[in-house]
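Undergrad: Structure incoming, see below.
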Amino acid sequence: MRVLSVASEVYPLIKTGGLADVAGALPQALAPHGVEIKTLVPAYPGVLDRLHPRENYGSVADLFGGPARVISGRTTAGAEVLAIHAPHLYQRNGGPYQAPGGGDWPDNGPRFAALAWVARLIGLGLLGSWLPQIVHAHDWQAGLAPTYLALAGSARPATIMTIHNIAFQGLFPYADLDSLRLPPRVFTIDGVEFHGRIGFLKAGLAFADRLTTVSPTYAREIQGPAHGHGLDGLLRHRSGVLSGILNGIDTEAWDPSSDPMIAERYDVEHLSDKARNAVILRRRLGLEPRPNAPLFCILSRLTYAKGIDLALGALPQLLAGGGQLAVLGAGDPSIESAVRAAAAAHPGQIVSIIGYDESLAHQFQAAADAILVPSRTEPCGLTQLYGLRYGTLPIVARVGGLADSVIDASDAALEDGAATGFQFAPGSVDSLREAIARALALFAQPKSWRAVQRHAMTRDFGWRNPARRYAELYRSVAPA
Ligand code: ADP
């Protein structure tokens, strides 16, 4: 089985978010299922340097305003990559989507139409000698690939569109239709049109043979107006081909028994060693040395969607119950200052680190007793999965992948040993307060807390299960 995975970012070549992790993990995860994946990505600066050995795969005379070469190579992880070297589109300082000063690149339409166009050429056997049976497009940047292929007729690979976050849709003016190589007949409500503009994600959702997203609950939620961002009608219409597959995590990079970034390694048999990480983190961050106090953490982009304001609203409960809080994150300046203000008001009990720090993120997971994830919407979420693996019990809003991955410590779940964390009603400070109170009460019973930690740490959130689901999906859709 041959699959061309089409993504605007892939770990370890280029990463701005979870999409890169998933695109980077799929090839290795699917290999045992006899699935060969090549990943098509734009060659932003630095990408080609990270591919070995590099070989010419083919060329395109005019790729949206200039010549392009496709270069094949492998990542350090051994994944096969096809990188589109088109200097007029991708070789520039700044991010993959935004210019250095912030703000989207003005030519993002053609930049990512080009990604989809090359997928079309490869899928139709017009470029290179390797012919995929499936083209798997990720997020809006790859959204035109299923459309271009559908327009090419029936002798084409099957197509899958995966939504990693429906809030980002790739909308461009109607006037660009012709230059994006789209015929006028697809500019309809059943095609690429979205409220008078061209929607790349909409196009993928309208034309792909199968649709997936990154958790079963998110797959249901996006079929409703509260989470559908205007695409819920289309998704309801296509619900028969839509499924949710929870992302896996990298269980080697996130393993408390071998994590090189944490002070004291531990595993489920040696859980008491986890406490040493808290002692060291408290000292490092300037939190009062209170070894018996429950240490909560937040590790997140600081945005409204992540519900950080809800966590701040629940601080009185957390502090009154004797808890301490460490926050690591960056994002909206107003939320950053609210977090800073909370820390300033409670020195020694609350601390905030504004910034992005991978190593500190591991130390937070190793040190904290519980991690707060109060998101208003969460396609899959990763930090709660890392929390489970590190015995750092997640307190999560009951949305998306959070609802699918954490089992609430209800009386019944505690009794039968199924509990792995705490859930609360999304968007509700009162419900979050109540969940924190339950966490504090359980923490006061060390034996029960430990039992939940143990169960959380032994759940399997690696790529084995998701890979099996993707393999089944690929088999069900591949042309005979
Ligand atoms: P999203 O992709 O919406 O930001 P996820 O939970 O899916 O949320 O993934 C977030 C990832 O980014 C996790 O791996 C988390 O550890 C990491 N992360 C978020 N904020 C920071 C930060 N300030 N420093 C280090 N890592 C962070």
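Naming works like this for the structure tokens: A, B, ... for the chains as they're shown, residue 1 at the start of each chain, ligands 1 onward in shown order.
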Select the residues contacting ligand 1 at a distance of at most 8 Å, based on only C-alpha atoms and all ligand atoms, then format the selection as an MDAnalysis selection string.
TA: chainID A and resid 17:19 299:302 306 328:330 353:362 378:384 386
Undergrad: Hey, what does DSSP flag as helix (DSSP H, G or I) within stretch 205-351 of chain A? Can you give it to me as number ranges by chain?
TA: A: 205-207, 216-221, 225-228, 232-237, 239-241, 268-285, 308-313, 315-320, 333-345
Undergrad: With only C-alpha atoms as the counted atoms, please give the residues lying no more than 12 Å from A:Pro32, apart from itself and same-chain residues fewer than 3 positions off, as an NGL selection string.
TA: :A and (1 or 26-29 or 35-37 or 463-464 or 467-468 or 471)
Undergrad: Next, write the just-selected residues to a file, as a short mmCIF file (atom, residue, chain, number, x, y, z; two decimals), in the first residue's frame, keeping N, CA and C atoms as the atom set.
TA:
```
data_model
loop_
_atom_site.label_atom_id
_atom_site.label_comp_id
_atom_site.auth_asym_id
_atom_site.auth_seq_id
_atom_site.Cartn_x
_atom_site.Cartn_y
_atom_site.Cartn_z
N MET A 1 0.85 -1.21 0.00
CA MET A 1 0.00 0.00 0.00
C MET A 1 0.87 1.25 0.00
N LEU A 26 3.31 9.26 11.42
CA LEU A 26 2.56 8.30 10.62
C LEU A 26 3.43 7.30 9.85
N PRO A 27 4.50 7.75 9.15
CA PRO A 27 5.25 6.79 8.33
C PRO A 27 5.79 5.61 9.14
N GLN A 28 6.40 5.90 10.28
CA GLN A 28 6.97 4.83 11.10
C GLN A 28 5.87 3.97 11.70
N ALA A 29 4.79 4.60 12.12
CA ALA A 29 3.71 3.87 12.78
C ALA A 29 3.00 2.92 11.82
N VAL A 35 2.25 -0.40 5.03
CA VAL A 35 1.89 0.86 4.37
C VAL A 35 3.17 1.69 4.19
N GLU A 36 3.44 2.03 2.94
CA GLU A 36 4.61 2.86 2.65
C GLU A 36 4.13 4.30 2.47
N ILE A 37 4.62 5.19 3.33
CA ILE A 37 4.18 6.59 3.25
C ILE A 37 5.35 7.47 2.82
N TRP A 463 1.32 5.05 19.30
CA TRP A 463 0.78 5.06 17.95
C TRP A 463 0.20 3.71 17.51
N ARG A 464 0.32 2.67 18.37
CA ARG A 464 -0.11 1.35 17.94
C ARG A 464 -1.59 1.32 17.53
N ALA A 467 -2.44 3.72 14.58
CA ALA A 467 -1.87 3.21 13.32
C ALA A 467 -2.77 2.11 12.76
N ARG A 468 -3.29 1.28 13.65
CA ARG A 468 -4.19 0.22 13.17
C ARG A 468 -5.43 0.82 12.53
N ALA A 471 -4.53 2.25 9.15
CA ALA A 471 -4.29 1.15 8.20
C ALA A 471 -5.63 0.60 7.70
#
```
Undergrad: Given the choices A:Arg50, A:Lys15, A:Lys38, A:Arg389, which gets closest to A:Tyr97 if the distance is worked out from only C-alpha atoms?
TA: A:Lys15
Undergrad: Could you give me, as a ChimeraX atom specification, the residues within 9 Å of stretch 440-443 of chain A, counting only C-alpha atoms and dropping anything in the same chain fewer than 5 positions from it?
TA: /A:294,318,321-323,369,435,448-450
Undergrad: Can you tell me, as an MDAnalysis selection string, what residues are no more than 12 Å from stretch 409-423 of chain A when counting only C-alpha atoms, ignoring any on the same chain fewer than 2 positions away?
TA: chainID A and resid 369:375 384:385 387:407 425:428 431:443 447:459
Undergrad: Using backbone DSSP assignments, extract all strand (DSSP E or B) residues from stretch 203-314 of chain A; output them as a PyMOL selection string.
TA: chain A and resi 210-213+242-244+295-302
Undergrad: Now that the selection is made, can you save its residues with all heavy atoms as a JSON list (two decimals), in the first residue's frame?
TA:
```json
[["chain", "number", "residue", "atom", "x", "y", "z"],
["A", 210, "ARG", "N", -12.76, 10.30, 1.86],
["A", 210, "ARG", "CA", -12.97, 10.05, 3.29],
["A", 210, "ARG", "C", -12.48, 11.25, 4.08],
["A", 210, "ARG", "O", -11.50, 11.90, 3.67],
["A", 210, "ARG", "CB", -12.17, 8.83, 3.76],
["A", 210, "ARG", "CG", -12.63, 7.52, 3.21],
["A", 210, "ARG", "CD", -13.86, 7.00, 3.95],
["A", 210, "ARG", "NE", -14.09, 5.62, 3.63],
["A", 210, "ARG", "CZ", -14.64, 5.19, 2.49],
["A", 210, "ARG", "NH1", -15.01, 6.07, 1.57],
["A", 210, "ARG", "NH2", -14.80, 3.90, 2.27],
["A", 211, "LEU", "N", -13.10, 11.49, 5.21],
["A", 211, "LEU", "CA", -12.70, 12.59, 6.08],
["A", 211, "LEU", "C", -12.38, 12.03, 7.46],
["A", 211, "LEU", "O", -13.08, 11.15, 7.96],
["A", 211, "LEU", "CB", -13.86, 13.60, 6.23],
["A", 211, "LEU", "CG", -14.56, 14.04, 4.95],
["A", 211, "LEU", "CD1", -15.71, 14.99, 5.27],
["A", 211, "LEU", "CD2", -13.57, 14.71, 3.99],
["A", 212, "THR", "N", -11.31, 12.57, 8.05],
["A", 212, "THR", "CA", -11.03, 12.17, 9.43],
["A", 212, "THR", "C", -10.66, 13.41, 10.24],
["A", 212, "THR", "O", -10.30, 14.45, 9.70],
["A", 212, "THR", "CB", -9.87, 11.15, 9.57],
["A", 212, "THR", "OG1", -8.62, 11.84, 9.45],
["A", 212, "THR", "CG2", -9.95, 10.04, 8.57],
["A", 213, "THR", "N", -10.78, 13.26, 11.56],
["A", 213, "THR", "CA", -10.23, 14.25, 12.45],
["A", 213, "THR", "C", -9.59, 13.52, 13.62],
["A", 213, "THR", "O", -9.57, 12.29, 13.63],
["A", 213, "THR", "CB", -11.28, 15.28, 12.87],
["A", 213, "THR", "OG1", -10.62, 16.31, 13.62],
["A", 213, "THR", "CG2", -12.39, 14.66, 13.72],
["A", 242, "LEU", "N", -17.04, 10.35, 7.59],
["A", 242, "LEU", "CA", -16.21, 11.07, 8.57],
["A", 242, "LEU", "C", -15.96, 10.20, 9.80],
["A", 242, "LEU", "O", -16.90, 9.63, 10.35],
["A", 242, "LEU", "CB", -16.92, 12.36, 9.00],
["A", 242, "LEU", "CG", -16.37, 13.12, 10.22],
["A", 242, "LEU", "CD1", -14.97, 13.67, 9.95],
["A", 242, "LEU", "CD2", -17.31, 14.28, 10.60],
["A", 243, "SER", "N", -14.70, 10.10, 10.24],
["A", 243, "SER", "CA", -14.42, 9.37, 11.47],
["A", 243, "SER", "C", -13.36, 10.11, 12.28],
["A", 243, "SER", "O", -12.67, 10.99, 11.76],
["A", 243, "SER", "CB", -13.94, 7.95, 11.15],
["A", 243, "SER", "OG", -12.79, 8.00, 10.34],
["A", 244, "GLY", "N", -13.25, 9.75, 13.56],
["A", 244, "GLY", "CA", -12.26, 10.38, 14.44],
["A", 244, "GLY", "C", -11.26, 9.34, 14.92],
["A", 244, "GLY", "O", -11.64, 8.27, 15.38],
["A", 295, "LEU", "N", 0.85, 20.16, 43.70],
["A", 295, "LEU", "CA", 1.38, 21.11, 42.72],
["A", 295, "LEU", "C", 0.63, 20.93, 41.40],
["A", 295, "LEU", "O", 0.68, 19.86, 40.80],
["A", 295, "LEU", "CB", 2.89, 20.86, 42.52],
["A", 295, "LEU", "CG", 3.60, 21.70, 41.47],
["A", 295, "LEU", "CD1", 3.46, 23.20, 41.76],
["A", 295, "LEU", "CD2", 5.08, 21.33, 41.38],
["A", 296, "PHE", "N", -0.09, 21.97, 41.02],
["A", 296, "PHE", "CA", -0.81, 21.96, 39.74],
["A", 296, "PHE", "C", 0.05, 22.66, 38.69],
["A", 296, "PHE", "O", 0.85, 23.53, 39.01],
["A", 296, "PHE", "CB", -2.14, 22.72, 39.86],
["A", 296, "PHE", "CG", -3.13, 22.09, 40.81],
["A", 296, "PHE", "CD1", -2.98, 22.20, 42.19],
["A", 296, "PHE", "CD2", -4.22, 21.39, 40.32],
["A", 296, "PHE", "CE1", -3.90, 21.63, 43.06],
["A", 296, "PHE", "CE2", -5.15, 20.80, 41.18],
["A", 296, "PHE", "CZ", -4.98, 20.92, 42.56],
["A", 297, "CYS", "N", -0.14, 22.29, 37.43],
["A", 297, "CYS", "CA", 0.55, 23.04, 36.38],
["A", 297, "CYS", "C", -0.37, 23.29, 35.19],
["A", 297, "CYS", "O", -1.38, 22.61, 35.01],
["A", 297, "CYS", "CB", 1.84, 22.35, 35.94],
["A", 297, "CYS", "SG", 1.59, 20.95, 34.83],
["A", 298, "ILE", "N", 0.00, 24.33, 34.43],
["A", 298, "ILE", "CA", -0.63, 24.61, 33.14],
["A", 298, "ILE", "C", 0.51, 24.73, 32.14],
["A", 298, "ILE", "O", 1.51, 25.40, 32.42],
["A", 298, "ILE", "CB", -1.43, 25.93, 33.16],
["A", 298, "ILE", "CG1", -2.65, 25.80, 34.09],
["A", 298, "ILE", "CG2", -1.86, 26.34, 31.76],
["A", 298, "ILE", "CD1", -3.43, 27.09, 34.26],
["A", 299, "LEU", "N", 0.34, 24.07, 31.01],
["A", 299, "LEU", "CA", 1.41, 24.01, 30.01],
["A", 299, "LEU", "C", 0.71, 24.17, 28.68],
["A", 299, "LEU", "O", 0.13, 23.23, 28.16],
["A", 299, "LEU", "CB", 2.02, 22.61, 30.15],
["A", 299, "LEU", "CG", 3.18, 22.16, 29.34],
["A", 299, "LEU", "CD1", 4.25, 23.20, 29.33],
["A", 299, "LEU", "CD2", 3.70, 20.88, 29.96],
["A", 300, "SER", "N", 0.71, 25.41, 28.17],
["A", 300, "SER", "CA", -0.26, 25.65, 27.09],
["A", 300, "SER", "C", 0.04, 26.94, 26.35],
["A", 300, "SER", "O", 0.67, 27.85, 26.89],
["A", 300, "SER", "CB", -1.65, 25.77, 27.75],
["A", 300, "SER", "OG", -2.63, 26.08, 26.81],
["A", 301, "ARG", "N", -0.45, 27.00, 25.11],
["A", 301, "ARG", "CA", -0.57, 28.30, 24.48],
["A", 301, "ARG", "C", -1.56, 29.09, 25.33],
["A", 301, "ARG", "O", -2.54, 28.53, 25.82],
["A", 301, "ARG", "CB", -1.08, 28.17, 23.06],
["A", 301, "ARG", "CG", -0.05, 27.56, 22.10],
["A", 301, "ARG", "CD", -0.53, 27.60, 20.65],
["A", 301, "ARG", "NE", -1.63, 26.67, 20.44],
["A", 301, "ARG", "CZ", -2.84, 27.02, 20.06],
["A", 301, "ARG", "NH1", -3.13, 28.28, 19.84],
["A", 301, "ARG", "NH2", -3.79, 26.12, 19.88],
["A", 302, "LEU", "N", -1.27, 30.37, 25.54],
["A", 302, "LEU", "CA", -2.14, 31.17, 26.40],
["A", 302, "LEU", "C", -3.16, 31.90, 25.51],
["A", 302, "LEU", "O", -2.92, 33.02, 25.07],
["A", 302, "LEU", "CB", -1.32, 32.15, 27.25],
["A", 302, "LEU", "CG", -0.28, 31.47, 28.17],
["A", 302, "LEU", "CD1", 0.50, 32.51, 28.97],
["A", 302, "LEU", "CD2", -0.94, 30.47, 29.11]]
```
Undergrad: I'd like the interatomic distance between atom CA of A:Thr162 and atom CA of A:Thr147, to a tenth of an Å.
TA: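 That distance, rounded to one decimal, is 14.0 Å.
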Undergrad: Please compute the atom CA of A:Pro12-atom CA of A:Phe168 distance, one decimal, in Å.
TA: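 Atom-to-atom, atom CA of A:Pro12 to atom CA of A:Phe168, that is 22.4 Å.
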Undergrad: When you count only C-alpha atoms, which of these residues is closest to A:Leu144: A:Pro110, A:Gly204, A:Pro225, A:Pro96?
TA: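 Closest to A:Leu144 of all the choices is A:Gly204.
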